[in-house]
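Raw query17.txt, compact mmCIF, C-alpha atoms:
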```
# COMPACT_ATOMS: atom_id res chain seq x y z
CA MET A 1 8.32 60.54 3.40
CA SER A 2 7.47 59.38 6.91
CA ILE A 3 9.53 56.57 8.46
CA LYS A 4 6.41 54.41 8.72
CA ARG A 5 5.66 54.82 5.02
CA ARG A 6 9.24 54.00 4.08
CA ILE A 7 9.21 50.83 6.18
CA MET A 8 5.87 49.76 4.72
CA LEU A 9 7.05 50.34 1.17
CA LYS A 10 10.27 48.43 1.86
CA GLY A 11 8.25 45.55 3.30
CA THR A 12 5.92 45.45 0.32
CA LEU A 13 8.85 45.38 -2.09
CA ALA A 14 10.48 42.52 -0.16
CA ALA A 15 7.20 40.61 0.00
CA GLY A 16 6.78 41.13 -3.72
CA ALA A 17 10.28 39.85 -4.38
CA ILE A 18 9.69 36.75 -2.25
CA GLY A 19 6.40 36.18 -4.04
CA PHE A 20 8.14 36.33 -7.40
CA VAL A 21 10.93 34.02 -6.31
CA ALA A 22 8.54 31.53 -4.72
CA GLY A 23 6.40 31.62 -7.84
CA ALA A 24 9.47 30.89 -9.92
CA GLY A 25 9.90 27.71 -7.88
CA LEU A 26 13.21 28.74 -6.43
CA LEU A 27 12.22 28.58 -2.78
CA SER A 28 10.23 25.33 -2.60
CA PRO A 29 12.10 22.22 -1.54
CA ARG A 30 11.54 19.43 -4.03
CA ALA A 31 12.87 16.03 -4.85
CA VAL A 32 15.49 15.84 -7.56
CA PHE A 33 13.54 14.38 -10.49
CA ALA A 34 14.86 13.55 -13.92
CA ALA A 35 12.75 15.72 -16.28
CA TRP A 36 10.30 13.48 -18.13
CA SER A 37 11.13 13.00 -21.78
CA ASP A 38 7.81 13.27 -23.60
CA SER A 39 9.27 12.66 -27.06
CA ALA A 40 11.11 9.50 -25.96
CA PHE A 41 8.04 7.94 -24.37
CA THR A 42 5.74 8.76 -27.29
CA ALA A 43 8.20 7.60 -29.97
CA THR A 44 6.76 4.70 -31.93
CA THR A 45 10.05 3.01 -32.79
CA SER A 46 12.97 1.99 -30.60
CA PRO A 47 15.58 3.99 -32.58
CA GLU A 48 13.50 7.17 -32.27
CA ALA A 49 12.96 6.62 -28.57
CA LEU A 50 16.67 6.05 -27.99
CA LYS A 51 17.71 9.07 -30.05
CA SER A 52 15.29 11.22 -28.03
CA LEU A 53 16.25 9.81 -24.67
CA LEU A 54 19.96 9.12 -25.01
CA GLY A 55 20.96 11.12 -28.09
CA SER A 56 21.88 8.06 -30.12
CA ASP A 57 20.50 4.77 -31.39
CA SER A 58 23.93 3.29 -31.98
CA LEU A 59 24.07 0.21 -29.77
CA GLU A 60 26.81 -2.32 -29.13
CA ASP A 61 25.68 -5.79 -28.23
CA SER A 62 26.98 -6.83 -24.85
CA GLY A 63 26.97 -10.23 -23.23
CA LYS A 64 27.63 -8.45 -19.94
CA ILE A 65 24.03 -7.27 -19.74
CA LYS A 66 21.78 -9.92 -18.27
CA ILE A 67 18.03 -9.70 -18.68
CA LYS A 68 15.89 -11.81 -16.41
CA ALA A 69 12.34 -12.11 -17.73
CA PRO A 70 9.97 -15.01 -18.27
CA ASP A 71 10.23 -16.99 -21.50
CA ILE A 72 6.44 -16.96 -21.58
CA ALA A 73 4.49 -14.20 -19.83
CA GLU A 74 1.33 -15.52 -18.23
CA ASN A 75 -0.08 -12.03 -18.13
CA GLY A 76 1.10 -9.36 -20.56
CA ALA A 77 0.00 -6.67 -18.13
CA VAL A 78 2.58 -7.71 -15.55
CA VAL A 79 5.86 -8.96 -16.97
CA PRO A 80 8.69 -8.95 -14.41
CA VAL A 81 11.97 -7.73 -15.90
CA SER A 82 15.31 -7.43 -14.13
CA VAL A 83 18.44 -6.05 -15.75
CA THR A 84 21.95 -6.47 -14.42
CA ALA A 85 24.89 -4.90 -16.23
CA GLU A 86 28.36 -6.18 -15.41
CA LEU A 87 29.98 -3.10 -16.92
CA ASP A 88 31.98 -0.27 -15.39
CA GLY A 89 30.70 3.26 -15.17
CA VAL A 90 27.03 2.50 -15.79
CA GLU A 91 25.08 5.75 -15.93
CA SER A 92 21.65 4.56 -16.96
CA ILE A 93 19.58 1.50 -17.77
CA SER A 94 16.61 1.75 -20.14
CA ILE A 95 14.07 -0.95 -20.91
CA LEU A 96 12.16 -1.21 -24.19
CA ALA A 97 9.48 -3.64 -25.36
CA GLU A 98 10.10 -3.66 -29.09
CA LYS A 99 6.57 -4.36 -30.27
CA ASN A 100 4.71 -2.04 -27.89
CA ALA A 101 3.10 0.88 -29.72
CA THR A 102 5.54 3.10 -27.83
CA PRO A 103 8.53 0.85 -27.09
CA LEU A 104 10.26 2.80 -24.29
CA THR A 105 8.90 1.61 -20.94
CA ALA A 106 11.33 3.09 -18.42
CA SER A 107 14.73 4.61 -17.91
CA PHE A 108 16.73 4.56 -14.70
CA ASP A 109 19.53 7.03 -13.97
CA LEU A 110 22.04 5.70 -11.50
CA GLY A 111 23.26 8.11 -8.84
CA PRO A 112 26.42 7.84 -6.74
CA GLY A 113 26.88 4.32 -5.36
CA ALA A 114 23.97 2.81 -7.28
CA GLU A 115 24.62 -0.73 -8.53
CA PRO A 116 23.90 -1.47 -12.20
CA TYR A 117 20.75 -3.43 -11.40
CA VAL A 118 17.05 -2.64 -11.68
CA SER A 119 13.96 -4.75 -11.41
CA THR A 120 10.42 -3.80 -12.31
CA ARG A 121 7.27 -5.07 -14.03
CA ILE A 122 6.17 -3.91 -17.48
CA LYS A 123 3.19 -4.25 -19.80
CA MET A 124 3.73 -5.95 -23.12
CA GLY A 125 1.22 -5.85 -25.96
CA LYS A 126 2.48 -8.95 -27.73
CA THR A 127 5.36 -11.37 -28.06
CA ALA A 128 8.49 -9.29 -28.54
CA ASN A 129 12.07 -8.71 -27.54
CA VAL A 130 12.62 -6.91 -24.28
CA VAL A 131 15.69 -4.76 -24.90
CA ALA A 132 17.90 -3.36 -22.19
CA VAL A 133 20.03 -0.39 -23.21
CA VAL A 134 22.82 0.49 -20.83
CA LYS A 135 24.76 3.74 -21.02
CA ALA A 136 28.24 3.16 -19.64
CA GLY A 137 31.37 5.21 -20.09
CA GLY A 138 29.52 7.40 -22.58
CA LYS A 139 28.65 4.47 -24.88
CA LEU A 140 25.41 2.55 -25.38
CA TYR A 141 25.32 -1.21 -24.97
CA SER A 142 22.35 -3.49 -25.35
CA ALA A 143 21.04 -6.98 -24.88
CA LYS A 144 17.69 -8.50 -25.64
CA LYS A 145 15.49 -11.37 -24.61
CA GLU A 146 12.34 -12.57 -26.30
CA VAL A 147 9.29 -12.81 -24.10
CA LYS A 148 6.28 -14.66 -25.48
CA VAL A 149 2.99 -13.04 -24.55
CA THR A 150 -0.27 -14.92 -24.83
CA ILE A 151 -2.64 -12.24 -23.49
CA GLY A 152 -1.49 -8.73 -24.33
CA GLY A 153 -1.36 -6.23 -21.50
CA CYS A 154 -1.67 -2.73 -22.85
CA GLY A 155 -5.46 -2.48 -22.79
CA GLY A 156 -5.70 -1.07 -26.28
CA MET B 1 -1.21 6.98 4.23
CA SER B 2 1.51 6.81 1.64
CA SER B 3 1.06 4.98 -1.63
CA ILE B 4 4.63 3.72 -1.26
CA LYS B 5 5.58 0.56 0.63
CA MET B 6 9.34 0.40 0.82
CA ARG B 7 11.86 -1.95 2.39
CA ALA B 8 15.59 -1.43 2.45
CA ASN B 9 18.01 -4.03 3.77
CA ALA B 10 21.75 -3.79 4.21
CA GLU B 11 23.60 -6.92 3.08
CA GLY B 12 27.24 -6.16 3.80
CA ASP B 13 28.11 -3.02 1.83
CA VAL B 14 25.09 -3.18 -0.42
CA ILE B 15 21.65 -1.82 0.35
CA THR B 16 18.81 -3.54 -1.49
CA VAL B 17 15.68 -1.43 -1.89
CA LYS B 18 12.30 -2.90 -2.81
CA ALA B 19 9.22 -0.77 -3.25
CA LEU B 20 5.62 -1.32 -4.22
CA ILE B 21 3.63 1.76 -5.16
CA SER B 22 -0.17 1.90 -5.35
CA HIS B 23 -1.00 3.63 -8.60
CA PRO B 24 -3.40 2.81 -11.47
CA MET B 25 -0.79 3.46 -14.19
CA GLU B 26 -3.60 3.99 -16.72
CA THR B 27 -2.32 4.02 -20.28
CA GLY B 28 -5.06 6.24 -21.63
CA LEU B 29 -5.94 3.46 -24.06
CA ARG B 30 -8.60 1.67 -22.01
CA LYS B 31 -12.32 2.36 -22.18
CA ASP B 32 -14.75 2.06 -19.32
CA ASN B 33 -18.01 0.10 -19.49
CA ALA B 34 -19.81 3.09 -20.98
CA GLY B 35 -17.26 3.21 -23.80
CA LYS B 36 -15.52 6.35 -22.56
CA VAL B 37 -11.75 6.47 -22.67
CA ILE B 38 -10.12 6.29 -19.24
CA PRO B 39 -7.57 9.12 -19.23
CA ALA B 40 -3.87 8.40 -18.89
CA ASP B 41 -2.87 8.49 -15.23
CA PHE B 42 0.65 7.24 -14.70
CA ILE B 43 3.79 7.94 -12.70
CA GLN B 44 6.37 9.74 -14.84
CA GLU B 45 9.21 10.50 -12.42
CA VAL B 46 10.56 8.58 -9.45
CA SER B 47 13.39 9.52 -7.16
CA CYS B 48 15.09 7.77 -4.27
CA GLU B 49 17.30 9.83 -2.01
CA HIS B 50 19.83 8.79 0.62
CA ASN B 51 21.19 11.54 2.85
CA GLY B 52 19.80 14.12 0.44
CA VAL B 53 21.55 12.60 -2.59
CA ALA B 54 19.47 10.98 -5.33
CA VAL B 55 20.85 7.46 -5.66
CA LEU B 56 18.30 6.58 -8.32
CA THR B 57 16.00 8.62 -10.50
CA ALA B 58 13.68 7.08 -13.03
CA GLN B 59 11.44 8.10 -15.87
CA TRP B 60 8.47 5.79 -16.39
CA GLY B 61 6.00 5.45 -19.23
CA THR B 62 2.51 4.01 -19.38
CA ALA B 63 3.97 0.53 -19.88
CA ILE B 64 5.06 0.17 -16.29
CA SER B 65 2.53 -2.20 -14.74
CA LYS B 66 -0.28 -1.09 -12.47
CA ASN B 67 0.85 -0.88 -8.84
CA PRO B 68 4.48 -0.57 -9.88
CA TYR B 69 7.22 -2.66 -8.36
CA LEU B 70 10.76 -1.34 -8.24
CA SER B 71 13.94 -2.80 -6.85
CA PHE B 72 17.50 -1.52 -7.06
CA ARG B 73 20.72 -1.63 -5.05
CA PHE B 74 23.32 0.90 -3.97
CA ARG B 75 26.48 1.16 -1.88
CA GLY B 76 27.35 3.84 0.61
CA GLY B 77 24.49 3.40 3.04
CA LYS B 78 24.16 1.54 6.30
CA ALA B 79 21.53 0.22 8.63
CA GLY B 80 19.82 3.08 10.45
CA ASP B 81 20.09 5.52 7.53
CA THR B 82 16.92 6.99 6.07
CA LEU B 83 15.83 6.64 2.48
CA LYS B 84 13.21 8.82 0.85
CA MET B 85 11.30 7.78 -2.25
CA SER B 86 9.13 10.23 -4.19
CA TRP B 87 7.06 10.09 -7.34
CA LYS B 88 5.23 12.50 -9.60
CA ASP B 89 2.59 11.54 -12.16
CA ASN B 90 1.30 13.06 -15.39
CA MET B 91 -1.62 14.62 -13.52
CA GLY B 92 0.79 16.49 -11.28
CA LYS B 93 0.06 14.32 -8.25
CA THR B 94 2.99 13.51 -6.01
CA ASP B 95 3.71 11.32 -3.02
CA SER B 96 6.71 10.29 -1.00
CA ALA B 97 7.69 7.98 1.82
CA GLU B 98 10.65 7.46 4.09
CA SER B 99 12.08 4.21 5.28
CA VAL B 100 14.89 3.27 7.62
CA ILE B 101 17.50 0.86 6.27
CA LYS B 102 17.50 -2.34 8.31
```
Rendering of file as structure tokens:
Amino acid sequence: MSIKRRIMLKGTLAAGAIGFVAGAGLLSPRAVFAAWSDSAFTATTSPEALKSLLGSDSLEDSGKIKIKAPDIAENGAVVPVSVTAELDGVESISILAEKNATPLTASFDLGPGAEPYVSTRIKMGKTANVVAVVKAGGKLYSAKKEVKVTIGGCGG
Amino acid sequence: MSSIKMRANAEGDVITVKALISHPMETGLRKDNAGKVIPADFIQEVSCEHNGVAVLTAQWGTAISKNPYLSFRFRGGKAGDTLKMSWKDNMGKTDSAESVIK
């Protein structure tokens, strides 16, 4: 085989290998996302959502979780909710609106240095408890606060 | 132009991050004026990185309000550091923005 042919073949093989590896997503830089849990977000009850998302629906009430949300939501489409957990070793904070068709609204995984606090705005279909589930030290704790909704915000 | 408006302020040891993202967050339950269902179009994954480390990652559902607001806090950063926030939605769209901690 001529030298030129050998070099060309070697190049083609390498290019093919790179193509395969790039296609497999191993070469592209990407943000570190938490993989989206389809089953948790489509679950129609809180226990199912929690079992899907966190592996358990066994919750311990905790007075150390504070939920800040309006007593009465003027607009069910935009309900501000803040959760603060005065617990050690908080790994994640999840927020559920118990009477939404699919109760799980969001879940936040805390990385190194993150404080156990999140604030966001959620849609609520009707008056219901907003439940915060905090995973700390391998256990699940929860607190709830009722939010009255006059005009539902899910658009259904 | 990024869909993400982000501010990060250092208060002592703690960095407070506040972000507002432009996104329709359609639930897939609404109908348009012609009666056709508006397809679900919502952010599913959010990530905020500091010095290449994800300090917060989030999974969102359709019940996060339109034009989502997010605030959180973390320790270990300082004024002058860069934060990067990224999101990915159910349609596969992505966006990201960087912000310097003040």
*Kindly indicate which residue among B:Met85, B:Ala97, B:Ala79, B:Ile38 lies nearest to B:Ala10, using all atoms listed in the file for the distances.*
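Closest to B:Ala10 of all the choices is B:Ala79.
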*May I ask you to extract the residues of chain B within 10 Å of chain A, using all atoms listed in the file, and to give them as a PyMOL selection string?*
chain B and resi 14-20+26-31+44-50+52-77+84-90+96
*Nearest to A:Ile151 among A:Leu59, A:Met1, A:Ala73, A:Ile65, with distances taken over all atoms listed in the file: which residue is it?*
A:Ala73
*Which polymer residues have any atom within 8 Å of an atom of B:Ser99, counting all atoms listed in the file, with same-chain residues fewer than 2 positions away left out, as a PyMOL selection string?*
chain B and resi 6-8+82-84+97+101
Draw an axis-aligned box over all listed atoms of stretch 67-83 of chain B, pad each side with 8 Å, and write its centre and edge lengths in Å, one decimal, as lines of an AutoDock Vina configuration file.
```
center_x = 14.1
center_y = 2.1
center_z = 0.3
size_x = 42.5
size_y = 25.8
size_z = 36.3
```
*Just give me the gap between atom CA of A:Ala143 and atom CA of A:Lys64 in Å, one decimal is fine.*
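Computing the Euclidean distance for atom CA of A:Ala143 and atom CA of A:Lys64 yields 8.4 Å.
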*State, in Å with one decimal place, the distance from atom CA of A:Lys148 to atom CA of A:Asn75.*
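The value is 10.1 Å.
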*asked:* Please compute the atom CA of B:Met91-atom CA of A:Glu98 distance, one decimal, in Å.
replied: 26.7 Å
*Rank nothing, just name the residue among B:Asn51, B:Asn33, B:Asn9, B:Ser3 nearest to B:Ile21, using only C-alpha atoms.*
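When distances to B:Ile21 are compared using only C-alpha atoms, the smallest one comes from B:Ser3.
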